[in-house]
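Undergrad: Submitted below is the structure of interest, expressed as structure tokens.
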Amino acid sequence: MILTEKTFLRLKEKLGRRDRRVIYRKGFRSSAVALINNYSDGEYHLLFTLRSDKVKHHQGQISFPGGGRDRNERLIQCAIRETKEELGIELSAAESLGKTDDILTISKFRVTPFVFFTGRREILKDICPNDEIAEVLNIPLNFLLNCKPRTEDIQYGRLKIRQYFYDYKGYIIWGATGRILKQYLDILFLSL
């Protein structure tokens with residue numbers, strides 16, 4: 001599959017036209033994450049973080065940059081602020097392509113994923129992770145699009161949740177991040 005800048009223009013159109021699932025659930029804290037599509041080493045990648053043992057939630061897990069929304073903060077501002085705090089990356093120069101569906105986490109967060117596109121601007125050299133981040137992973141989108149995730153249905157209270165597990169060089173992307181990634185890749189595939 002060949003990803004081009006036109007793919008991301010089509011993706012922006014698709015994200016803008018689709019009916020996005022918005023969830024409001026009492027007792028869940030609003031949060032936002034940034035799906036950062038970037039260009040490096042001659043191809044497009046998606047940026048992930050490995051959370052350190054210094055964070056309260058999801059230690060040692062692969063995630064997208066992001067976190068809980070501050071009072072009176074718009075969700076997109078939350079994704080931008082959290083990315084700046086965690087990675088030192090300023091997303092103001094990146095193009096916001098839209099949002100995917102909200103998801104709920106077992107740690108009581110309602111997550112809104114925002115999709116960003118940096119074009120061909122090199123962002124990896126600007127990354128300066130804080131102590132919440134143990135490692136930064138920049139995974140080729142072609143690898144992810146061609147990866148068949150392992151699935152498992154997990155019972156959570158009365159809900160059955162389908163989990164997706166993506167293996168990449170010894171790392172496993174799963175949980176809320178795996179569910180966000182699966183939905184995003186499905187939308188991106190339709191933009192090719």
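Each chain in the structure tokens gets a letter, A, B and so on, in the order shown; residues start at 1 in every chain, and ligands are counted from 1 in the order they appear.
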Taking only C-alpha atoms into account, produce a table as CSV in which each residue of segment 84-154 of chain A with an atom at most 10 Å from an atom of segment 2-10 of chain A appears once, together with its shortest atom pair and the distance in Å to one decimal, ordered by chain and rising number.
TA:
residue,atom,partner,partner_atom,distance
A:Glu95,CA,A:Phe8,CA,10.0
A:Leu97,CA,A:Phe8,CA,7.8
A:Phe116,CA,A:Phe8,CA,9.5
A:Phe117,CA,A:Phe8,CA,7.5
A:Gly119,CA,A:Glu5,CA,7.0
A:Arg120,CA,A:Glu5,CA,8.7
A:Leu141,CA,A:Leu3,CA,8.3
A:Asn142,CA,A:Leu3,CA,7.8
Undergrad: Quick one: residues within 12 Å of segment 77-93 of chain A, only C-alpha atoms counted, chain neighbours fewer than 4 positions away excluded, as a compact mmCIF listing (two decimals) with C-alpha atoms, in the first residue's frame?
TA:
# COMPACT_ATOMS: atom_id res chain seq x y z
CA SER A 30 -12.57 13.27 29.98
CA SER A 31 -9.22 12.82 28.29
CA ALA A 32 -7.68 13.13 24.84
CA VAL A 33 -4.88 11.51 22.90
CA ALA A 34 -2.96 12.53 19.78
CA LEU A 35 -2.48 10.16 16.85
CA ILE A 36 0.54 11.80 15.21
CA ASN A 37 1.12 10.78 11.60
CA ASN A 38 4.63 11.78 10.60
CA LEU A 47 3.92 7.87 17.01
CA PHE A 48 3.44 5.88 20.24
CA THR A 49 4.87 6.11 23.74
CA LEU A 50 5.83 3.47 26.28
CA ARG A 51 4.60 4.72 29.64
CA SER A 52 7.12 4.68 32.47
CA VAL A 55 2.67 7.36 35.96
CA SER A 63 -0.10 4.47 24.40
CA PHE A 64 -0.66 7.55 22.32
CA PRO A 65 0.51 10.85 23.82
CA GLY A 66 -2.29 12.34 25.89
CA GLY A 67 -4.01 12.44 29.23
CA GLY A 68 -6.75 13.92 31.37
CA ARG A 69 -8.45 17.16 30.46
CA ASP A 70 -7.97 20.16 32.73
CA ARG A 71 -11.02 22.07 33.90
CA ASN A 72 -12.47 24.36 31.19
CA GLU A 73 -10.01 22.99 28.62
CA LYS A 99 -11.40 12.75 15.58
CA VAL A 111 -10.82 9.09 25.63
CA THR A 112 -11.28 11.27 22.55
CA PRO A 113 -8.63 10.48 19.88
CA PHE A 114 -7.47 13.40 17.69
CA VAL A 115 -5.64 12.67 14.43
CA PHE A 116 -2.74 14.95 13.43
CA PHE A 117 -0.60 15.07 10.31
CA THR A 118 2.85 16.66 10.29
CA GLY A 119 3.38 16.31 6.54
CA ARG A 120 7.02 15.79 5.71
CA ARG A 121 8.26 17.92 8.58
CA GLU A 122 10.75 15.93 10.65
CA ILE A 123 9.51 15.83 14.26
CA LEU A 124 11.61 13.07 15.80
CA LYS A 125 14.59 15.35 16.34
CA ASP A 126 12.36 17.63 18.47
CA ILE A 127 11.26 14.90 20.87
CA CYS A 128 12.33 15.37 24.47
CA PRO A 129 10.31 12.92 26.62
CA ASN A 130 9.50 13.73 30.23
CA ASP A 131 9.68 11.17 33.05
CA GLU A 132 6.20 9.80 32.22
CA ILE A 133 7.64 8.31 29.02
CA ALA A 134 10.12 5.43 29.08
CA GLU A 135 10.46 5.17 25.30
CA VAL A 136 9.10 6.63 22.05
CA LEU A 137 8.06 4.29 19.22
Undergrad: Which parts of segment 111-162 of chain A does DSSP call alpha helix (DSSP H) when run on the backbone here, written out as a list in words?
TA: Leu141, Asn142, Phe143, Leu144, Leu145 and Asn146 of chain A
Undergrad: Please produce a file of those selected residues containing N, CA and C atoms, as a CSV table (one decimal), in the first residue's frame.
TA:
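Resulting contents of part.csv:
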chain,number,residue,atom,x,y,z
A,141,LEU,N,3.4,3.1,9.3
A,141,LEU,CA,2.0,2.9,9.0
A,141,LEU,C,1.7,1.7,8.1
A,142,ASN,N,2.6,1.5,7.1
A,142,ASN,CA,2.4,0.4,6.2
A,142,ASN,C,2.5,-1.0,7.0
A,143,PHE,N,3.4,-1.0,8.0
A,143,PHE,CA,3.5,-2.2,8.8
A,143,PHE,C,2.1,-2.4,9.6
A,144,LEU,N,1.6,-1.3,10.2
A,144,LEU,CA,0.4,-1.4,10.9
A,144,LEU,C,-0.8,-1.8,10.0
A,145,LEU,N,-0.9,-1.2,8.8
A,145,LEU,CA,-2.0,-1.5,7.9
A,145,LEU,C,-1.9,-2.9,7.4
A,146,ASN,N,-0.8,-3.5,7.4
A,146,ASN,CA,-0.6,-4.9,6.9
A,146,ASN,C,-0.6,-5.9,8.0
Undergrad: Considering only C-alpha atoms, can you say which of A:Asp167, A:Asp186, A:Asp102, A:Glu152 comes closest to Val22 of chain A?
TA: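 That would be A:Asp102, the residue with the smallest distance to Val22 of chain A.
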Undergrad: So the first atom is atom CA of Glu43 of chain A and the second is atom CA of Leu190 of chain A; what is the distance between them in Å, to one decimal place?
TA: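 Going from atom CA of Glu43 of chain A over to atom CA of Leu190 of chain A covers 18.8 Å.
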Undergrad: If you count only C-alpha atoms, which residues fall within 8 Å of Ile173 of chain A, apart from same-chain ones fewer than 4 positions away, as a PyMOL selection string?
TA: chain A and resi 61-63+164-168+177-178
Undergrad: Go through segment 5-184 of chain A and collect every residue that DSSP, computed from the backbone, puts in strand (DSSP E or B); the answer should be as a PDB file with N, CA and C atoms, in the first residue's frame.
TA:
ATOM      1  N   ARG A  29     -13.543  10.325  33.617  1.00  0.00           N
ATOM      2  CA  ARG A  29     -12.840  11.586  33.392  1.00  0.00           C
ATOM      3  C   ARG A  29     -12.567  11.768  31.897  1.00  0.00           C
ATOM      4  N   SER A  30     -12.841  12.963  31.391  1.00  0.00           N
ATOM      5  CA  SER A  30     -12.570  13.269  29.983  1.00  0.00           C
ATOM      6  C   SER A  30     -11.062  13.353  29.754  1.00  0.00           C
ATOM      7  N   SER A  31     -10.634  12.769  28.649  1.00  0.00           N
ATOM      8  CA  SER A  31      -9.224  12.819  28.286  1.00  0.00           C
ATOM      9  C   SER A  31      -9.113  12.821  26.764  1.00  0.00           C
ATOM     10  N   ALA A  32      -7.916  13.097  26.285  1.00  0.00           N
ATOM     11  CA  ALA A  32      -7.684  13.134  24.844  1.00  0.00           C
ATOM     12  C   ALA A  32      -6.297  12.607  24.539  1.00  0.00           C
ATOM     13  N   VAL A  33      -6.181  11.981  23.368  1.00  0.00           N
ATOM     14  CA  VAL A  33      -4.878  11.508  22.897  1.00  0.00           C
ATOM     15  C   VAL A  33      -4.642  12.034  21.491  1.00  0.00           C
ATOM     16  N   ALA A  34      -3.362  12.055  21.105  1.00  0.00           N
ATOM     17  CA  ALA A  34      -2.960  12.534  19.780  1.00  0.00           C
ATOM     18  C   ALA A  34      -2.393  11.381  18.968  1.00  0.00           C
ATOM     19  N   LEU A  35      -3.010  11.129  17.801  1.00  0.00           N
ATOM     20  CA  LEU A  35      -2.482  10.164  16.846  1.00  0.00           C
ATOM     21  C   LEU A  35      -1.668  10.978  15.850  1.00  0.00           C
ATOM     22  N   ILE A  36      -0.344  10.927  15.969  1.00  0.00           N
ATOM     23  CA  ILE A  36       0.541  11.804  15.207  1.00  0.00           C
ATOM     24  C   ILE A  36       1.129  11.039  14.025  1.00  0.00           C
ATOM     25  N   ASN A  37       0.606  11.344  12.843  1.00  0.00           N
ATOM     26  CA  ASN A  37       1.120  10.776  11.596  1.00  0.00           C
ATOM     27  C   ASN A  37       2.282  11.640  11.158  1.00  0.00           C
ATOM     28  N   ASN A  38       3.434  11.017  10.941  1.00  0.00           N
ATOM     29  CA  ASN A  38       4.631  11.782  10.598  1.00  0.00           C
ATOM     30  C   ASN A  38       5.457  11.039   9.569  1.00  0.00           C
ATOM     31  N   TYR A  39       6.366  11.764   8.962  1.00  0.00           N
ATOM     32  CA  TYR A  39       7.188  11.219   7.878  1.00  0.00           C
ATOM     33  C   TYR A  39       8.636  11.127   8.353  1.00  0.00           C
ATOM     34  N   SER A  40       9.214   9.942   8.264  1.00  0.00           N
ATOM     35  CA  SER A  40      10.637   9.779   8.568  1.00  0.00           C
ATOM     36  C   SER A  40      11.148   8.532   7.860  1.00  0.00           C
ATOM     37  N   GLU A  43       9.125   7.128   4.771  1.00  0.00           N
ATOM     38  CA  GLU A  43       7.751   6.627   4.815  1.00  0.00           C
ATOM     39  C   GLU A  43       6.995   7.248   5.991  1.00  0.00           C
ATOM     40  N   TYR A  44       5.676   7.053   5.980  1.00  0.00           N
ATOM     41  CA  TYR A  44       4.833   7.606   7.042  1.00  0.00           C
ATOM     42  C   TYR A  44       4.773   6.652   8.227  1.00  0.00           C
ATOM     43  N   HIS A  45       4.745   7.257   9.409  1.00  0.00           N
ATOM     44  CA  HIS A  45       4.739   6.524  10.675  1.00  0.00           C
ATOM     45  C   HIS A  45       3.631   7.058  11.579  1.00  0.00           C
ATOM     46  N   LEU A  46       3.346   6.299  12.641  1.00  0.00           N
ATOM     47  CA  LEU A  46       2.447   6.727  13.698  1.00  0.00           C
ATOM     48  C   LEU A  46       3.228   6.668  15.006  1.00  0.00           C
ATOM     49  N   LEU A  47       3.125   7.725  15.800  1.00  0.00           N
ATOM     50  CA  LEU A  47       3.924   7.870  17.012  1.00  0.00           C
ATOM     51  C   LEU A  47       3.206   7.280  18.227  1.00  0.00           C
ATOM     52  N   PHE A  48       3.941   6.481  19.001  1.00  0.00           N
ATOM     53  CA  PHE A  48       3.441   5.879  20.235  1.00  0.00           C
ATOM     54  C   PHE A  48       4.433   6.163  21.352  1.00  0.00           C
ATOM     55  N   THR A  49       3.972   5.994  22.594  1.00  0.00           N
ATOM     56  CA  THR A  49       4.870   6.105  23.737  1.00  0.00           C
ATOM     57  C   THR A  49       4.762   4.842  24.584  1.00  0.00           C
ATOM     58  N   LEU A  50       5.837   4.528  25.269  1.00  0.00           N
ATOM     59  CA  LEU A  50       5.827   3.471  26.277  1.00  0.00           C
ATOM     60  C   LEU A  50       5.814   4.192  27.615  1.00  0.00           C
ATOM     61  N   ARG A  51       4.760   3.996  28.380  1.00  0.00           N
ATOM     62  CA  ARG A  51       4.602   4.724  29.636  1.00  0.00           C
ATOM     63  C   ARG A  51       5.551   4.172  30.695  1.00  0.00           C
ATOM     64  N   ILE A  62       1.978   0.567  26.023  1.00  0.00           N
ATOM     65  CA  ILE A  62       2.107   1.419  24.839  1.00  0.00           C
ATOM     66  C   ILE A  62       0.853   2.284  24.771  1.00  0.00           C
ATOM     67  N   SER A  63       1.045   3.558  24.494  1.00  0.00           N
ATOM     68  CA  SER A  63      -0.098   4.469  24.404  1.00  0.00           C
ATOM     69  C   SER A  63       0.178   5.543  23.361  1.00  0.00           C
ATOM     70  N   GLY A  66      -1.025  11.765  25.463  1.00  0.00           N
ATOM     71  CA  GLY A  66      -2.295  12.336  25.893  1.00  0.00           C
ATOM     72  C   GLY A  66      -2.525  12.130  27.367  1.00  0.00           C
ATOM     73  N   GLY A  67      -3.687  12.572  27.818  1.00  0.00           N
ATOM     74  CA  GLY A  67      -4.014  12.440  29.228  1.00  0.00           C
ATOM     75  C   GLY A  67      -5.303  13.152  29.567  1.00  0.00           C
ATOM     76  N   GLY A  68      -5.509  13.342  30.867  1.00  0.00           N
ATOM     77  CA  GLY A  68      -6.746  13.919  31.369  1.00  0.00           C
ATOM     78  C   GLY A  68      -6.892  15.394  31.060  1.00  0.00           C
ATOM     79  N   GLU A  95      -1.266  19.560  11.173  1.00  0.00           N
ATOM     80  CA  GLU A  95      -2.650  19.735  10.750  1.00  0.00           C
ATOM     81  C   GLU A  95      -3.541  18.770  11.516  1.00  0.00           C
ATOM     82  N   SER A  96      -4.616  19.295  12.086  1.00  0.00           N
ATOM     83  CA  SER A  96      -5.607  18.448  12.750  1.00  0.00           C
ATOM     84  C   SER A  96      -6.535  17.896  11.681  1.00  0.00           C
ATOM     85  N   LEU A  97      -6.603  16.558  11.583  1.00  0.00           N
ATOM     86  CA  LEU A  97      -7.419  15.917  10.550  1.00  0.00           C
ATOM     87  C   LEU A  97      -8.818  15.567  11.036  1.00  0.00           C
ATOM     88  N   GLY A  98      -9.017  15.528  12.338  1.00  0.00           N
ATOM     89  CA  GLY A  98     -10.325  15.176  12.872  1.00  0.00           C
ATOM     90  C   GLY A  98     -10.203  14.251  14.061  1.00  0.00           C
ATOM     91  N   LYS A  99     -11.327  13.619  14.413  1.00  0.00           N
ATOM     92  CA  LYS A  99     -11.399  12.752  15.579  1.00  0.00           C
ATOM     93  C   LYS A  99     -11.983  11.398  15.183  1.00  0.00           C
ATOM     94  N   ILE A 103     -13.740   6.337  23.307  1.00  0.00           N
ATOM     95  CA  ILE A 103     -13.743   5.008  23.922  1.00  0.00           C
ATOM     96  C   ILE A 103     -13.652   5.173  25.437  1.00  0.00           C
ATOM     97  N   LEU A 104     -14.075   4.166  26.153  1.00  0.00           N
ATOM     98  CA  LEU A 104     -13.970   4.144  27.607  1.00  0.00           C
ATOM     99  C   LEU A 104     -12.869   3.177  28.007  1.00  0.00           C
ATOM    100  N   PHE A 109     -11.585   6.445  32.219  1.00  0.00           N
ATOM    101  CA  PHE A 109     -11.361   7.598  31.346  1.00  0.00           C
ATOM    102  C   PHE A 109     -12.242   7.468  30.106  1.00  0.00           C
ATOM    103  N   ARG A 110     -12.775   8.585  29.659  1.00  0.00           N
ATOM    104  CA  ARG A 110     -13.444   8.678  28.357  1.00  0.00           C
ATOM    105  C   ARG A 110     -12.429   9.354  27.450  1.00  0.00           C
ATOM    106  N   VAL A 111     -11.922   8.615  26.473  1.00  0.00           N
ATOM    107  CA  VAL A 111     -10.818   9.086  25.630  1.00  0.00           C
ATOM    108  C   VAL A 111     -11.354   9.551  24.270  1.00  0.00           C
ATOM    109  N   THR A 112     -10.975  10.765  23.881  1.00  0.00           N
ATOM    110  CA  THR A 112     -11.278  11.270  22.548  1.00  0.00           C
ATOM    111  C   THR A 112      -9.973  11.302  21.761  1.00  0.00           C
ATOM    112  N   PRO A 113      -9.855  10.499  20.691  1.00  0.00           N
ATOM    113  CA  PRO A 113      -8.632  10.480  19.882  1.00  0.00           C
ATOM    114  C   PRO A 113      -8.668  11.556  18.780  1.00  0.00           C
ATOM    115  N   PHE A 114      -7.637  12.382  18.723  1.00  0.00           N
ATOM    116  CA  PHE A 114      -7.466  13.399  17.691  1.00  0.00           C
ATOM    117  C   PHE A 114      -6.355  12.962  16.746  1.00  0.00           C
ATOM    118  N   VAL A 115      -6.602  13.094  15.453  1.00  0.00           N
ATOM    119  CA  VAL A 115      -5.644  12.673  14.435  1.00  0.00           C
ATOM    120  C   VAL A 115      -4.915  13.905  13.910  1.00  0.00           C
ATOM    121  N   PHE A 116      -3.584  13.852  13.923  1.00  0.00           N
ATOM    122  CA  PHE A 116      -2.744  14.949  13.433  1.00  0.00           C
ATOM    123  C   PHE A 116      -1.848  14.451  12.307  1.00  0.00           C
ATOM    124  N   PHE A 117      -1.487  15.373  11.436  1.00  0.00           N
ATOM    125  CA  PHE A 117      -0.603  15.066  10.310  1.00  0.00           C
ATOM    126  C   PHE A 117       0.481  16.145  10.242  1.00  0.00           C
ATOM    127  N   ILE A 133       7.401   9.096  30.233  1.00  0.00           N
ATOM    128  CA  ILE A 133       7.636   8.308  29.024  1.00  0.00           C
ATOM    129  C   ILE A 133       8.965   7.567  29.135  1.00  0.00           C
ATOM    130  N   ALA A 134       8.900   6.245  29.027  1.00  0.00           N
ATOM    131  CA  ALA A 134      10.118   5.434  29.081  1.00  0.00           C
ATOM    132  C   ALA A 134      10.775   5.327  27.707  1.00  0.00           C
ATOM    133  N   GLU A 135       9.938   5.350  26.650  1.00  0.00           N
ATOM    134  CA  GLU A 135      10.456   5.169  25.298  1.00  0.00           C
ATOM    135  C   GLU A 135       9.451   5.713  24.291  1.00  0.00           C
ATOM    136  N   VAL A 136       9.953   6.160  23.143  1.00  0.00           N
ATOM    137  CA  VAL A 136       9.100   6.627  22.051  1.00  0.00           C
ATOM    138  C   VAL A 136       9.230   5.645  20.901  1.00  0.00           C
ATOM    139  N   LEU A 137       8.087   5.219  20.358  1.00  0.00           N
ATOM    140  CA  LEU A 137       8.064   4.293  19.224  1.00  0.00           C
ATOM    141  C   LEU A 137       7.443   5.009  18.037  1.00  0.00           C
ATOM    142  N   ASN A 138       8.100   4.974  16.911  1.00  0.00           N
ATOM    143  CA  ASN A 138       7.583   5.557  15.678  1.00  0.00           C
ATOM    144  C   ASN A 138       7.413   4.402  14.702  1.00  0.00           C
ATOM    145  N   ILE A 139       6.199   3.893  14.593  1.00  0.00           N
ATOM    146  CA  ILE A 139       5.941   2.647  13.868  1.00  0.00           C
ATOM    147  C   ILE A 139       5.442   2.951  12.459  1.00  0.00           C
ATOM    148  N   PRO A 140       6.047   2.326  11.440  1.00  0.00           N
ATOM    149  CA  PRO A 140       5.600   2.563  10.058  1.00  0.00           C
ATOM    150  C   PRO A 140       4.120   2.218   9.870  1.00  0.00           C
ATOM    151  N   ARG A 150      -4.110  -9.894  16.710  1.00  0.00           N
ATOM    152  CA  ARG A 150      -4.729 -10.981  17.449  1.00  0.00           C
ATOM    153  C   ARG A 150      -5.897 -10.370  18.216  1.00  0.00           C
ATOM    154  N   THR A 151      -7.003 -11.089  18.351  1.00  0.00           N
ATOM    155  CA  THR A 151      -8.160 -10.550  19.068  1.00  0.00           C
ATOM    156  C   THR A 151      -8.523 -11.457  20.236  1.00  0.00           C
ATOM    157  N   GLU A 152      -9.169 -10.827  21.213  1.00  0.00           N
ATOM    158  CA  GLU A 152      -9.644 -11.572  22.380  1.00  0.00           C
ATOM    159  C   GLU A 152     -10.836 -10.801  22.938  1.00  0.00           C
ATOM    160  N   ASP A 153     -11.912 -11.498  23.237  1.00  0.00           N
ATOM    161  CA  ASP A 153     -13.070 -10.868  23.869  1.00  0.00           C
ATOM    162  C   ASP A 153     -12.898 -10.951  25.380  1.00  0.00           C
ATOM    163  N   ILE A 154     -12.978  -9.785  26.028  1.00  0.00           N
ATOM    164  CA  ILE A 154     -12.783  -9.711  27.471  1.00  0.00           C
ATOM    165  C   ILE A 154     -14.084  -9.231  28.109  1.00  0.00           C
ATOM    166  N   GLN A 155     -14.499  -9.909  29.140  1.00  0.00           N
ATOM    167  CA  GLN A 155     -15.709  -9.529  29.864  1.00  0.00           C
ATOM    168  C   GLN A 155     -15.335  -8.473  30.887  1.00  0.00           C
ATOM    169  N   TYR A 156     -16.030  -7.343  30.848  1.00  0.00           N
ATOM    170  CA  TYR A 156     -15.817  -6.267  31.809  1.00  0.00           C
ATOM    171  C   TYR A 156     -17.183  -5.886  32.368  1.00  0.00           C
ATOM    172  N   LEU A 159     -20.333  -5.878  30.121  1.00  0.00           N
ATOM    173  CA  LEU A 159     -19.884  -5.629  28.746  1.00  0.00           C
ATOM    174  C   LEU A 159     -18.864  -6.661  28.288  1.00  0.00           C
ATOM    175  N   LYS A 160     -18.959  -7.011  27.026  1.00  0.00           N
ATOM    176  CA  LYS A 160     -17.921  -7.822  26.396  1.00  0.00           C
ATOM    177  C   LYS A 160     -17.166  -6.877  25.470  1.00  0.00           C
ATOM    178  N   ILE A 161     -15.869  -6.765  25.676  1.00  0.00           N
ATOM    179  CA  ILE A 161     -15.047  -5.836  24.902  1.00  0.00           C
ATOM    180  C   ILE A 161     -14.075  -6.630  24.045  1.00  0.00           C
ATOM    181  N   ARG A 162     -14.080  -6.354  22.753  1.00  0.00           N
ATOM    182  CA  ARG A 162     -13.116  -6.986  21.863  1.00  0.00           C
ATOM    183  C   ARG A 162     -11.797  -6.217  21.964  1.00  0.00           C
ATOM    184  N   GLN A 163     -10.756  -6.937  22.332  1.00  0.00           N
ATOM    185  CA  GLN A 163      -9.418  -6.351  22.430  1.00  0.00           C
ATOM    186  C   GLN A 163      -8.604  -6.732  21.201  1.00  0.00           C
ATOM    187  N   TYR A 164      -7.752  -5.827  20.770  1.00  0.00           N
ATOM    188  CA  TYR A 164      -6.870  -6.046  19.626  1.00  0.00           C
ATOM    189  C   TYR A 164      -5.432  -5.972  20.113  1.00  0.00           C
ATOM    190  N   PHE A 165      -4.620  -6.920  19.678  1.00  0.00           N
ATOM    191  CA  PHE A 165      -3.224  -7.001  20.085  1.00  0.00           C
ATOM    192  C   PHE A 165      -2.348  -6.923  18.839  1.00  0.00           C
ATOM    193  N   TYR A 166      -1.548  -5.875  18.750  1.00  0.00           N
ATOM    194  CA  TYR A 166      -0.615  -5.668  17.638  1.00  0.00           C
ATOM    195  C   TYR A 166       0.794  -5.901  18.157  1.00  0.00           C
ATOM    196  N   ASP A 167       1.515  -6.817  17.518  1.00  0.00           N
ATOM    197  CA  ASP A 167       2.902  -7.104  17.903  1.00  0.00           C
ATOM    198  C   ASP A 167       3.849  -6.350  16.983  1.00  0.00           C
ATOM    199  N   TYR A 168       4.781  -5.620  17.592  1.00  0.00           N
ATOM    200  CA  TYR A 168       5.778  -4.883  16.816  1.00  0.00           C
ATOM    201  C   TYR A 168       7.126  -4.965  17.524  1.00  0.00           C
ATOM    202  N   TYR A 171       7.163  -5.465  21.173  1.00  0.00           N
ATOM    203  CA  TYR A 171       6.206  -4.614  21.894  1.00  0.00           C
ATOM    204  C   TYR A 171       4.794  -5.076  21.546  1.00  0.00           C
ATOM    205  N   ILE A 172       3.891  -4.948  22.497  1.00  0.00           N
ATOM    206  CA  ILE A 172       2.499  -5.308  22.234  1.00  0.00           C
ATOM    207  C   ILE A 172       1.626  -4.084  22.486  1.00  0.00           C
ATOM    208  N   ILE A 173       0.899  -3.697  21.451  1.00  0.00           N
ATOM    209  CA  ILE A 173      -0.061  -2.595  21.548  1.00  0.00           C
ATOM    210  C   ILE A 173      -1.415  -3.246  21.785  1.00  0.00           C
TER     211      ILE A 173
END
Undergrad: Give the answer as one residue: which of A:Ala94, A:Arg17, A:Arg74, A:Ile106 has the shortest atom-to-atom distance to Gly157 of chain A, using only C-alpha atoms?
TA: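 With only C-alpha atoms as the atom set, the closest residue is A:Ile106.
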